[in-house]
Structures are given as C-alpha cells and as structure tokens.
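*Asks:* Provided herewith: final.cif, mmCIF, C-alpha atoms.
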```
data_target
loop_
_atom_site.label_atom_id
_atom_site.label_comp_id
_atom_site.auth_asym_id
_atom_site.auth_seq_id
_atom_site.Cartn_x
_atom_site.Cartn_y
_atom_site.Cartn_z
CA MET A 290 82.97 105.08 97.65
CA LYS A 291 82.50 101.32 97.33
CA THR A 292 85.00 98.73 98.49
CA LYS A 293 85.23 94.96 98.87
CA PHE A 294 85.53 93.27 102.27
CA ASN A 295 85.35 89.47 102.69
CA GLY A 296 83.55 89.22 99.37
CA LEU A 297 80.93 91.84 100.28
CA THR A 298 80.51 95.21 98.61
CA ILE A 299 80.45 97.97 101.21
CA GLU A 300 79.49 101.55 100.39
CA ALA A 301 81.29 104.13 102.51
CA ILE A 302 79.49 107.39 103.24
CA THR A 303 81.47 110.45 104.32
CA ILE A 304 79.88 112.38 107.18
CA ASP A 305 81.02 115.78 108.42
CA LEU A 306 81.03 115.23 112.17
CA GLN A 307 81.17 118.98 112.81
CA LEU A 308 78.28 119.87 110.53
CA PHE A 309 77.39 123.58 110.82
CA ALA A 310 79.98 124.01 113.60
CA ALA A 311 82.04 126.60 111.78
CA THR A 312 79.26 129.15 111.82
CA VAL A 313 78.11 128.76 115.42
CA VAL A 314 81.21 128.08 117.53
CA PRO A 315 82.63 131.17 119.25
CA GLU A 316 86.35 131.84 119.11
CA ASN A 317 86.96 130.66 122.69
CA ALA A 318 85.02 127.37 122.39
CA ALA A 319 88.17 125.32 121.89
CA THR A 320 89.94 126.78 124.92
CA ASN A 321 87.18 127.07 127.51
CA MET A 322 86.49 124.05 129.68
CA MET A 323 82.79 123.17 129.65
CA THR A 324 81.48 121.87 132.97
CA SER A 325 79.08 118.96 133.26
CA GLY A 326 75.44 119.55 134.08
CA SER A 327 71.93 118.26 133.70
CA GLY A 328 72.37 118.20 129.94
CA ASP A 329 75.43 115.94 130.10
CA ILE A 330 75.45 112.81 127.97
CA SER A 331 73.43 110.06 129.61
CA GLY A 332 75.13 107.52 131.84
CA ALA A 333 73.80 104.66 129.73
CA PHE A 334 75.34 106.09 126.56
CA GLN A 335 78.61 106.82 128.34
CA LYS A 336 78.89 103.32 129.81
CA ALA A 337 78.07 101.46 126.60
CA ASN A 338 80.31 103.57 124.41
CA ASP A 339 83.16 103.57 126.95
CA ALA A 340 83.20 99.77 126.89
CA LYS A 341 83.33 99.73 123.10
CA PHE A 342 85.98 102.46 123.06
CA VAL A 343 88.26 100.56 125.44
CA GLU A 344 87.81 97.30 123.53
CA ILE A 345 88.76 98.88 120.20
CA HIS A 346 91.57 100.96 121.71
CA LYS A 347 93.27 98.01 123.40
CA ALA A 348 92.96 95.80 120.32
CA ALA A 349 94.67 98.45 118.18
CA LEU A 350 97.69 98.88 120.48
CA VAL A 351 100.88 97.39 119.05
CA PHE A 352 103.66 97.56 121.64
CA ASP A 353 101.77 97.33 124.92
CA GLN A 354 101.72 93.54 125.28
CA TYR A 355 105.53 93.44 124.99
CA VAL A 356 106.56 96.27 127.34
CA GLY A 357 106.52 96.66 131.10
CA SER A 358 105.31 99.52 133.24
CA THR A 359 106.45 101.78 136.05
CA ASN A 360 103.65 103.23 138.14
CA ILE A 361 103.62 106.65 139.77
CA PRO A 362 101.53 106.59 142.95
CA ALA A 363 98.74 109.09 143.40
CA HIS A 364 99.81 112.58 144.51
CA SER A 365 103.46 111.85 143.68
CA GLY A 366 104.02 114.17 140.73
CA SER A 367 104.29 113.29 137.05
CA THR A 368 107.95 112.18 136.86
CA ALA A 369 109.19 108.62 137.29
CA ARG A 370 112.77 107.65 138.06
CA PHE A 371 113.78 104.02 137.82
CA PRO A 372 117.06 102.12 137.39
CA LYS A 373 118.32 100.86 134.07
CA LYS A 374 118.95 97.17 133.69
CA VAL A 375 121.82 96.09 135.97
CA ARG A 376 124.22 93.28 135.06
CA ILE A 377 126.71 91.73 137.46
CA ALA A 378 129.92 90.34 136.02
CA VAL A 379 130.17 86.55 135.90
CA LYS A 380 133.15 85.30 137.93
CA ASN A 381 134.38 82.13 139.52
CA THR A 382 134.33 82.94 143.23
CA LYS A 383 135.65 80.01 145.21
CA LEU A 384 134.80 80.15 148.88
CA ALA A 385 137.58 79.56 151.41
CA GLU A 386 136.43 77.97 154.62
CA GLY A 387 135.48 80.60 157.18
CA LYS A 388 136.47 83.51 154.93
CA THR A 389 133.99 85.94 153.40
CA PRO A 390 134.88 86.89 149.80
CA ASP A 391 134.95 90.42 148.48
CA PRO A 392 131.53 91.61 147.27
CA SER A 393 130.68 92.32 143.66
CA LYS A 394 130.30 95.93 142.71
CA ILE A 395 127.36 97.22 140.74
CA SER A 396 126.90 100.60 139.14
CA LEU A 397 123.44 102.12 139.04
CA SER A 398 122.21 104.57 136.43
CA PHE A 399 118.70 105.85 136.25
CA VAL A 400 116.07 106.65 133.67
CA THR A 401 113.83 109.65 134.23
CA GLY A 402 110.58 109.91 132.34
CA GLN A 403 107.81 112.46 132.29
CA VAL A 404 104.11 111.71 131.95
CA GLU A 405 102.26 114.09 129.66
CA GLN A 406 98.61 114.32 128.71
CA HIS A 407 97.34 113.81 125.18
CA GLY A 408 93.79 114.06 123.93
CA ASP A 409 91.32 115.23 121.33
CA TYR A 410 87.60 115.88 120.94
CA VAL A 411 84.89 116.24 118.30
CA MET A 412 82.17 118.88 118.50
CA PHE A 413 78.60 118.58 117.20
CA THR A 414 75.86 121.14 116.80
CA ASP A 415 72.33 120.58 117.96
CA VAL A 416 71.26 120.76 114.31
CA ALA A 417 73.65 117.98 113.30
CA LEU A 418 72.56 115.75 116.16
CA GLY A 419 68.90 116.43 115.58
CA THR A 420 68.85 115.85 111.82
CA SER A 421 71.35 113.05 111.27
CA ILE A 422 69.99 109.55 110.69
CA TYR A 423 73.22 108.16 112.14
CA ASP A 424 74.49 107.90 115.71
CA LEU A 425 77.10 110.60 115.23
CA MET A 426 78.48 110.33 118.75
CA GLY A 427 78.86 106.56 118.42
CA VAL A 428 80.62 107.00 115.07
CA ALA A 429 82.96 109.55 116.63
CA ARG A 430 83.72 107.39 119.66
CA GLU A 431 84.74 104.45 117.45
CA ALA A 432 86.98 106.67 115.33
CA GLN A 433 88.54 108.16 118.47
CA ALA A 434 89.29 104.70 119.85
CA TYR A 435 91.45 103.96 116.80
CA GLN A 436 92.90 107.48 116.80
CA SER A 437 94.01 107.32 120.43
CA ALA A 438 95.62 103.90 119.92
CA GLU A 439 97.51 105.07 116.83
CA ILE A 440 98.76 108.12 118.70
CA LYS A 441 99.96 106.00 121.62
CA ASN A 442 101.67 103.55 119.24
CA ALA A 443 103.52 106.38 117.52
CA LEU A 444 104.51 108.03 120.82
CA LEU A 445 105.98 104.78 122.13
CA ARG A 446 107.78 104.16 118.85
CA ASP A 447 109.34 107.62 118.93
CA ASP A 448 110.47 107.24 122.55
CA ILE A 449 112.20 103.95 121.70
CA LEU A 450 113.97 105.31 118.62
CA ALA A 451 114.98 108.52 120.41
CA ASP A 452 117.19 106.67 122.90
CA PRO A 453 120.81 107.28 121.80
CA GLU A 454 122.02 104.00 123.33
CA VAL A 455 119.76 101.78 121.20
CA ALA A 456 121.83 99.74 118.74
CA THR A 457 121.29 99.91 114.97
CA ALA A 458 121.41 97.25 112.27
CA TYR A 459 120.86 97.40 108.53
CA GLY A 460 119.29 95.46 105.70
CA GLU A 461 121.42 93.45 103.31
CA SER A 462 121.83 93.43 99.55
CA GLY A 463 123.54 90.34 98.13
CA GLY A 464 124.64 89.35 101.62
CA THR A 465 126.28 92.73 102.31
CA ALA A 466 124.72 95.02 104.89
CA ALA A 467 124.41 98.76 104.44
CA THR A 468 126.66 100.78 106.71
CA ALA A 469 124.34 103.72 107.36
CA ALA A 470 120.82 104.87 106.63
CA SER A 471 122.15 107.10 103.85
CA ALA A 472 123.52 104.02 102.04
CA ILE A 473 120.26 102.07 102.02
CA THR A 474 118.67 101.30 98.67
CA ALA A 475 115.60 99.33 97.68
CA ASN A 476 117.81 96.22 97.58
CA HIS A 477 118.83 96.39 101.25
CA LYS A 478 115.88 94.32 102.40
CA LEU A 479 114.81 92.52 105.54
CA THR A 480 115.71 88.85 105.03
CA VAL A 481 115.91 85.68 107.07
CA ALA A 482 119.70 86.04 107.10
CA VAL A 483 119.39 89.50 108.69
CA VAL A 484 116.92 88.20 111.28
CA LYS A 485 119.21 85.31 112.22
CA LYS A 486 122.13 87.68 112.78
CA LEU A 487 119.97 89.90 115.00
CA VAL A 488 118.78 86.92 117.03
CA ALA A 489 122.41 85.87 117.44
CA THR A 490 123.26 89.39 118.66
CA MET A 491 120.51 89.26 121.27
CA LYS A 492 121.66 85.84 122.47
CA ARG A 493 125.28 86.94 122.52
CA ASN A 494 124.31 89.81 124.82
CA ASN A 495 122.37 87.39 127.09
CA ILE A 496 119.08 89.17 126.40
CA ARG A 497 116.09 87.12 127.46
CA PRO A 498 113.42 86.53 124.79
CA ALA A 499 110.40 88.83 124.84
CA VAL A 500 107.70 86.15 124.81
CA GLY A 501 107.49 82.37 124.59
CA GLY A 502 111.20 81.84 123.92
CA ASP A 503 111.23 84.32 121.01
CA TYR A 504 112.33 87.89 120.44
CA VAL A 505 109.84 90.20 118.75
CA MET A 506 110.26 92.52 115.77
CA PHE A 507 107.78 95.18 114.70
CA ILE A 508 107.90 95.46 110.91
CA HIS A 509 106.18 97.57 108.26
CA PRO A 510 103.83 95.92 105.73
CA ASP A 511 106.43 96.60 102.99
CA GLN A 512 109.08 94.79 105.04
CA TRP A 513 106.65 91.92 105.59
CA TYR A 514 106.28 91.63 101.81
CA ASP A 515 110.05 91.39 101.34
CA LEU A 516 110.56 88.96 104.21
CA THR A 517 107.80 86.56 103.18
CA ASN A 518 109.11 86.54 99.60
CA ASP A 519 112.56 85.48 100.81
CA GLU A 520 113.06 81.86 99.68
CA ASP A 521 114.55 80.97 103.07
CA TYR A 522 111.41 82.22 104.80
CA LYS A 523 109.15 80.23 102.48
CA ALA A 524 111.16 77.06 103.04
CA MET A 525 111.13 77.39 106.82
CA HIS A 526 107.38 78.03 106.96
CA GLN A 527 106.62 74.86 105.06
CA TYR A 528 107.52 72.94 108.20
CA ALA A 529 106.84 75.40 111.04
CA ASP A 530 103.54 75.91 112.82
CA PRO A 531 102.36 79.32 111.50
CA THR A 532 99.67 79.76 114.15
CA PRO A 533 100.07 83.20 115.79
CA LEU A 534 100.10 83.30 119.58
CA GLN A 535 100.04 87.05 120.22
CA THR A 536 97.74 89.80 119.00
CA GLY A 537 98.98 91.12 115.66
CA GLU A 538 101.63 88.45 115.23
CA ILE A 539 102.02 87.38 111.58
CA GLY A 540 104.72 84.73 111.77
CA ARG A 541 107.98 83.65 113.29
CA VAL A 542 111.35 82.38 112.16
CA SER A 543 114.61 81.45 113.88
CA GLY A 544 113.63 82.64 117.35
CA CYS A 545 111.92 85.88 116.28
CA ARG A 546 108.23 86.73 116.06
CA PHE A 547 106.99 89.41 113.70
CA VAL A 548 104.26 91.95 114.39
CA GLU A 549 103.15 93.89 111.32
CA THR A 550 102.23 97.52 111.86
CA SER A 551 102.06 100.66 109.74
CA THR A 552 103.30 102.50 112.87
CA VAL A 553 106.88 101.62 111.85
CA LEU A 554 108.80 104.82 111.12
CA VAL A 555 109.37 105.49 107.41
CA THR A 556 111.78 108.20 106.23
CA LYS A 557 113.33 109.27 102.94
CA ASP A 558 116.95 109.49 104.07
CA GLY A 559 118.30 106.51 102.10
CA ALA A 560 120.52 106.65 99.01
CA SER A 561 119.00 109.01 96.43
CA SER A 562 116.17 109.73 98.92
CA ALA A 563 115.14 106.07 99.02
CA GLY A 564 112.58 105.09 101.62
CA VAL A 565 114.07 103.71 104.86
CA TYR A 566 112.02 101.54 107.21
CA HIS A 567 112.93 101.64 110.91
CA ALA A 568 111.79 98.30 112.35
CA ILE A 569 112.23 97.64 116.07
CA MET A 570 113.44 94.36 117.60
CA MET A 571 113.07 93.80 121.35
CA GLY A 572 113.86 91.31 124.06
CA ALA A 573 112.42 91.08 127.56
CA ASP A 574 112.36 94.03 130.00
CA ALA A 575 113.44 96.44 127.28
CA VAL A 576 110.98 99.31 127.70
CA ASP A 577 108.73 100.61 130.45
CA GLN A 578 105.66 102.72 130.08
CA ILE A 579 105.12 105.25 132.84
CA LYS A 580 101.63 105.15 134.27
CA LEU A 581 99.79 107.27 136.77
CA ALA A 582 97.90 105.41 139.50
CA GLU A 583 94.78 107.34 138.51
CA GLY A 584 95.72 107.96 134.88
CA GLY A 585 95.08 105.70 131.92
CA ILE A 586 92.79 106.66 129.09
CA LYS A 587 89.50 108.38 129.77
CA THR A 588 86.56 109.21 127.54
CA ILE A 589 84.59 112.38 128.12
CA GLY A 590 81.16 113.30 126.83
CA LYS A 591 79.44 116.66 127.19
CA GLY A 592 75.84 116.91 126.04
CA LEU A 593 73.78 119.81 124.78
CA GLY A 594 73.26 122.26 127.61
CA SER A 595 76.25 121.12 129.66
CA GLY A 596 78.31 124.20 128.81
CA GLY A 597 76.44 126.65 130.99
CA THR A 598 76.93 130.28 129.91
CA ALA A 599 79.57 129.16 127.39
CA ASP A 600 76.74 127.52 125.45
CA PRO A 601 73.72 129.66 126.34
CA LEU A 602 71.46 128.23 123.62
CA ASP A 603 72.30 124.53 124.07
CA GLN A 604 73.87 124.39 120.61
CA ARG A 605 76.97 122.26 121.15
CA ALA A 606 77.93 118.80 122.40
CA THR A 607 81.32 117.10 122.42
CA VAL A 608 82.87 113.68 122.82
CA GLY A 609 86.57 113.33 123.52
CA TRP A 610 89.34 111.38 125.18
CA LYS A 611 92.52 112.03 127.09
CA MET A 612 95.35 109.91 128.40
CA ALA A 613 98.48 110.28 130.50
CA TYR A 614 101.49 108.83 128.67
CA GLY A 615 105.23 108.37 129.06
CA ALA A 616 107.77 105.67 128.15
CA LYS A 617 111.51 105.06 128.37
CA VAL A 618 114.00 102.39 127.29
CA LYS A 619 115.42 100.76 130.41
CA ASP A 620 117.70 98.22 128.72
CA PRO A 621 119.27 99.54 125.49
CA LEU A 622 120.96 96.16 124.86
CA ALA A 623 117.50 94.62 124.52
CA VAL A 624 116.46 96.92 121.66
CA ILE A 625 117.74 97.08 118.07
CA GLU A 626 116.62 99.57 115.44
CA VAL A 627 116.63 97.67 112.13
CA MET A 628 116.87 99.99 109.12
CA THR A 629 116.11 98.47 105.72
CA GLY A 630 114.90 99.37 102.27
CA SER A 631 112.09 97.53 100.54
CA PHE A 632 110.60 96.79 97.15
CA ASN A 633 108.69 100.06 97.62
CA SER A 634 111.62 102.26 98.70
CA GLY A 635 111.86 104.08 95.39
CA SER A 636 108.15 104.86 95.30
CA ILE A 637 107.72 106.36 98.77
CA ALA A 638 105.92 109.70 98.57
CA ALA A 639 105.77 112.40 101.19
CA THR A 640 102.24 111.29 102.07
CA ASP A 641 103.54 107.77 102.84
CA LEU A 642 106.01 108.92 105.46
CA ASN A 643 105.36 108.04 109.09
CA THR A 644 107.93 110.37 110.55
CA ALA A 645 108.72 111.38 114.10
CA SER A 646 107.52 114.92 113.33
CA TRP A 647 103.90 113.81 112.98
#
```
Translate the structure of the given file into structure tokens.
*Replies:*
Amino acid sequence: MKTKFNGLTIEAITIDLQLFAATVVPENAATNMMTSGSGDISGAFQKANDAKFVEIHKAALVFDQYVGSTNIPAHSGSTARFPKKVRIAVKNTKLAEGKTPDPSKISLSFVTGQVEQHGDYVMFTDVALGTSIYDLMGVAREAQAYQSAEIKNALLRDDILADPEVATAYGESGGTAATAASAITANHKLTVAVVKKLVATMKRNNIRPAVGGDYVMFIHPDQWYDLTNDEDYKAMHQYADPTPLQTGEIGRVSGCRFVETSTVLVTKDGASSAGVYHAIMMGADAVDQIKLAEGGIKTIGKGLGSGGTADPLDQRATVGWKMAYGAKVKDPLAVIEVMTGSFNSGSIAATDLNTASW
C-alpha cells in the first residue's frame, strides 16, 4: 500500500510478526511464564529499545500532562484512598477582641481506587527472526509503545466518564442545546457559543484553570472540524496567537484550550442512532492517576533459549510490556462531559465507534 506523507510517497509493507508461530507454539505457551536465562535479549538491545519505547509512549499520551497523581508506597497494597476536593464556605467572620470565633466545619469524603496491571506481548519464532530482513523486535517495540499509550488513554477516559457525579453538557443546534444524548443530531455541534457557556460554568463554580489560565477540552477530530468551521472561531483566531503551548494542543478560544484525540468516546445513541461524541472538559486538580512506587510501565524481552524446558528447542522469543494503572475523579465539579453531534454523525459505522466496551 502506498501513501503520501509530507510530499513523499511511502510504501507500506505488511509483516506477520508471528510468522510460523501457529504451528510451533504449544497450547500452554500463552499462560506459562518464561524465565530469563543466558539466551535473554541482550542488554544493549533492551536499553536502546526501552529508551525509544518510553519516548514514543509518553509522546502519545493525551491526558497525563493535565492530571495529578496519588502514589502508593512500596509494600502498601494496590488500593489508594484519598480525599475528594474540599471546599470551605465563604463567610464574613468578624473577630471580636479577645474572643475566639466558632470554627468552620468541613465534611470529608474519600475516593478509593484500585491499581490493576495491563500488558501484552508479541511472539516470534526462530525461523522468523533468522530469515527476516527487518528488525522484527524493533518494529514490534515501536508498535507496542503506541499500543500501550492508546490503552492508557482509553482507560483514563473511561474512568473519567464512569464517575456518576461528573456534569454533562450538550451541543447546540440553532442556539438550542440538546437535552439528552438521545436527542442529539448531526446539527447539535460543538461551537464557540457552547465553549463559552462551559467556561462560564467552570468560573461560576470557582474551578481553577487547568494550565496557563485556561481550561482544557479533549475533542474528537470530527468535533475539531465543526468547531474550526464555526464563523465565531474563525473570527477570533484572526487576532489570537495560535501557537500551541502543550503537547497535542490545536488551539484555544475564550479561556479554553483544545486537545484533539481520537480517544474521545464515540457512541451511536443519538437521535435515529446518530453518532454522539463525548468530549471531556477539565479544570485543575480534577483527576488523579494512582501510581505504584515501583510500578510504571515496563518493557520485557525474552530471547531464544530463555524459556528453559518450556522452549526446549530455542524456537521462541517474545517482546512485551506491562503497566500498573488506576485513576479516579477527585473533583467532579472540575470535569464536564460534553456530548455533541458532528457533520459526520449520520455516517458513523460500527467500526468507527470508540466505545467503553473496547
């Protein structure tokens, strides 16, 4: 398959990374843990490819630069418990000389989150590794870096949208907002007017901006198309500095920055099964990831001969990754789920959906 990129013609070649594997892998190969040994992948390969993996993985993460973290110390289990955002009522407390006033009362509620492991691996045969003219393990590592980032993006998205206290807002058609997801049509688009109302809501609730004085909204490419074709958006960007300041940022308007990502949830629960796009708007201190002190993401390589008796003829090698992950909303007032249609709502196919059941 040939494609164009920056004016160059690039020919893509499809490679089966598990060439011949189906005929040589025993039934228990996927469930048995293979121990490292003298045949393990070399330290030089591991170090070089780990650095590339981490670089690609971090660059492909969408939410991480806008969310906080709660750390679980080593040997302290896999569950984190931390308080939700606390607000103390504003009151005019005049002090009488020599008299201590009554204290303010706060009410604490807690968020509990569980860290779980996620991971995947690719297996190669000795024949594939020995006959390929390509660095199959390097190809796999690069693909896994993107895969792991996309999985983490989707997990974090789902954890945000699953919180029942997160507020919802809807796209507008002719200045009138939809009242539910089931009422959304292709005309209920993301517009500058909708964004301004959401910014006003955040300010009204005294939510601090996420970064640089702005709130942030994660939008789908189809929503980006609608927003940037809004005449109000075009007019405002004639005079504003369009230079992005954050990774993935594509523009800003009226106190909101936009990050475009295909991670945005897409469903077909609009009017007449129209496509509905579930953008996410956030302020500061809205979400925390839960991290293990010795967790994070880890790459793992097992070379030919490292499997011991599970691979008696040195026929298999694997490269994989695993990560410990968890996330929770800690301030529901600082998150808004923004459901809209788009120009493409009526054309959404099942293969286009980016649903929570992935």
*Asks:* Go through stretch 526-597 of chain A residue by residue and, counting all atoms listed in the file, keep those with an atom at most 12 Å from stretch 374-387 of chain A; for each kept residue give the shortest atom pair and its distance in Å to one decimal, ordered by chain and increasing number, as a tab-separated table.
*Replies:*
```
residue	atom	partner	partner_atom	distance
A:Ala573	CA	A:Lys374	CA	10.8
A:Asp574	CA	A:Lys374	CA	8.2
A:Ala575	CA	A:Lys374	CA	8.5
A:Val576	CA	A:Lys374	CA	10.2
A:Asp577	CA	A:Lys374	CA	11.3
```
*Asks:* For A:Val505, please output as a ChimeraX atom specification all residues within 7 Å (counting all atoms listed in the file; exclusion window: fewer than 4 positions along the same chain).
*Replies:* /A:499,545-547,570-572
*Asks:* Check the smallest atom-to-atom distance from each of A:Gly402, A:Asp391, A:Arg430, A:Gly366 to A:Ile345 using all atoms listed in the file, then report the winner.
*Replies:*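 Closest candidate: A:Arg430.
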*Asks:* Apply the PyMOL selection byres ((chain A and resi 630) around 8) to the file shown and report the selected residues as a ChimeraX atom specification.
*Replies:* /A:460,473-479,512,559,563-566,628-629,631-634
*Asks:* Which residue gives the smallest distance to A:Ala369 among A:Gln403, A:Thr550, A:Asn442, A:Ser393, with all atoms listed in the file counted?
*Replies:*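 For A:Ala369, the nearest of the candidates is A:Gln403.
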*Asks:* Separation of atom CA of A:Gly540 and atom CA of A:Thr465, in Å?
*Replies:*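 These atoms are spaced 24.9 Å apart.
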*Asks:* Excluding same-chain residues fewer than 6 positions from stretch 489-491 of chain A, what lies within 9 Å of it counting all atoms listed in the file, as a ChimeraX atom specification?
*Replies:* /A:497-498,504,571-572,622-625
*Asks:* Counting all atoms listed in the file, which of A:Ala456, A:Val500, A:Leu642, A:Leu397 gets nearest to A:Pro621?
*Replies:*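 Checking each of A:Ala456, A:Val500, A:Leu642, A:Leu397 against A:Pro621, counting all atoms listed in the file, the winner is A:Ala456.
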*Asks:* Pick from A:Trp610, A:Phe399, A:Val404, A:Ser365: nearest to A:Ala432, with all atoms listed in the file counted?
*Replies:*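 Of all the options, A:Trp610 lies closest to A:Ala432.
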*Asks:* Could you please determine the separation between atom CA of A:Tyr355 and atom CA of A:Glu538 in Å, to one decimal place?
*Replies:*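 Pair atom CA of A:Tyr355 / atom CA of A:Glu538 returns 11.6 Å.
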*Asks:* One decimal, in Å: what's the spacing between atom CA of A:Thr368 and atom CA of A:Thr401?
*Replies:* 6.9 Å
*Asks:* For stretch 430-440 of chain A, which lacks atoms in the input, supply all heavy atoms and format the output as a compact mmCIF listing (two decimals), in the frame of the given file.
*Replies:*
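Saved as out12.txt:
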```txt
# COMPACT_ATOMS: atom_id res chain seq x y z
N ARG A 430 83.04 108.14 118.61
CA ARG A 430 83.72 107.39 119.66
C ARG A 430 84.55 106.25 119.06
O ARG A 430 85.67 105.98 119.49
CB ARG A 430 82.69 106.81 120.64
CG ARG A 430 82.33 107.77 121.75
CD ARG A 430 83.45 107.80 122.81
NE ARG A 430 83.33 108.93 123.67
CZ ARG A 430 82.51 109.01 124.71
NH1 ARG A 430 81.70 108.02 124.98
NH2 ARG A 430 82.49 110.08 125.47
N GLU A 431 83.99 105.54 118.08
CA GLU A 431 84.74 104.45 117.45
C GLU A 431 85.98 104.97 116.75
O GLU A 431 87.07 104.41 116.86
CB GLU A 431 83.84 103.70 116.47
CG GLU A 431 84.52 102.51 115.81
CD GLU A 431 83.58 101.69 114.96
OE1 GLU A 431 82.34 101.81 115.14
OE2 GLU A 431 84.06 100.94 114.10
N ALA A 432 85.83 106.08 116.02
CA ALA A 432 86.98 106.67 115.33
C ALA A 432 88.04 107.14 116.33
O ALA A 432 89.24 106.98 116.09
CB ALA A 432 86.52 107.84 114.46
N GLN A 433 87.59 107.68 117.46
CA GLN A 433 88.54 108.16 118.47
C GLN A 433 89.27 107.01 119.15
O GLN A 433 90.43 107.17 119.57
CB GLN A 433 87.80 109.00 119.51
CG GLN A 433 87.35 110.35 118.99
CD GLN A 433 86.50 111.10 120.00
OE1 GLN A 433 85.84 110.50 120.85
NE2 GLN A 433 86.48 112.42 119.90
N ALA A 434 88.63 105.86 119.26
CA ALA A 434 89.29 104.70 119.85
C ALA A 434 90.50 104.30 119.01
O ALA A 434 91.59 104.03 119.54
CB ALA A 434 88.31 103.53 119.97
N TYR A 435 90.33 104.27 117.69
CA TYR A 435 91.45 103.96 116.80
C TYR A 435 92.48 105.09 116.82
O TYR A 435 93.69 104.85 116.86
CB TYR A 435 90.95 103.75 115.37
CG TYR A 435 90.23 102.45 115.15
CD1 TYR A 435 88.86 102.41 114.91
CD2 TYR A 435 90.93 101.23 115.17
CE1 TYR A 435 88.20 101.21 114.71
CE2 TYR A 435 90.26 100.03 114.98
CZ TYR A 435 88.90 100.02 114.74
OH TYR A 435 88.26 98.83 114.55
N GLN A 436 91.99 106.34 116.80
CA GLN A 436 92.90 107.48 116.80
C GLN A 436 93.82 107.48 118.02
O GLN A 436 95.04 107.65 117.91
CB GLN A 436 92.10 108.78 116.76
CG GLN A 436 92.96 110.04 116.86
CD GLN A 436 92.18 111.24 117.40
OE1 GLN A 436 91.26 111.08 118.21
NE2 GLN A 436 92.54 112.43 116.97
N SER A 437 93.23 107.28 119.19
CA SER A 437 94.01 107.32 120.43
C SER A 437 95.04 106.19 120.47
O SER A 437 96.17 106.38 120.96
CB SER A 437 93.08 107.22 121.64
OG SER A 437 92.29 106.04 121.60
N ALA A 438 94.68 105.01 119.95
CA ALA A 438 95.62 103.90 119.92
C ALA A 438 96.77 104.19 118.97
O ALA A 438 97.94 103.92 119.27
CB ALA A 438 94.90 102.61 119.52
N GLU A 439 96.46 104.75 117.80
CA GLU A 439 97.51 105.07 116.83
C GLU A 439 98.46 106.13 117.37
O GLU A 439 99.67 106.07 117.15
CB GLU A 439 96.87 105.53 115.52
CG GLU A 439 96.17 104.40 114.77
CD GLU A 439 95.34 104.90 113.60
OE1 GLU A 439 95.37 106.13 113.34
OE2 GLU A 439 94.69 104.08 112.94
N ILE A 440 97.91 107.10 118.10
CA ILE A 440 98.76 108.12 118.70
C ILE A 440 99.68 107.50 119.75
O ILE A 440 100.89 107.78 119.80
CB ILE A 440 97.90 109.24 119.32
CG1 ILE A 440 97.26 110.07 118.21
CG2 ILE A 440 98.72 110.13 120.25
CD1 ILE A 440 96.27 111.12 118.71
```
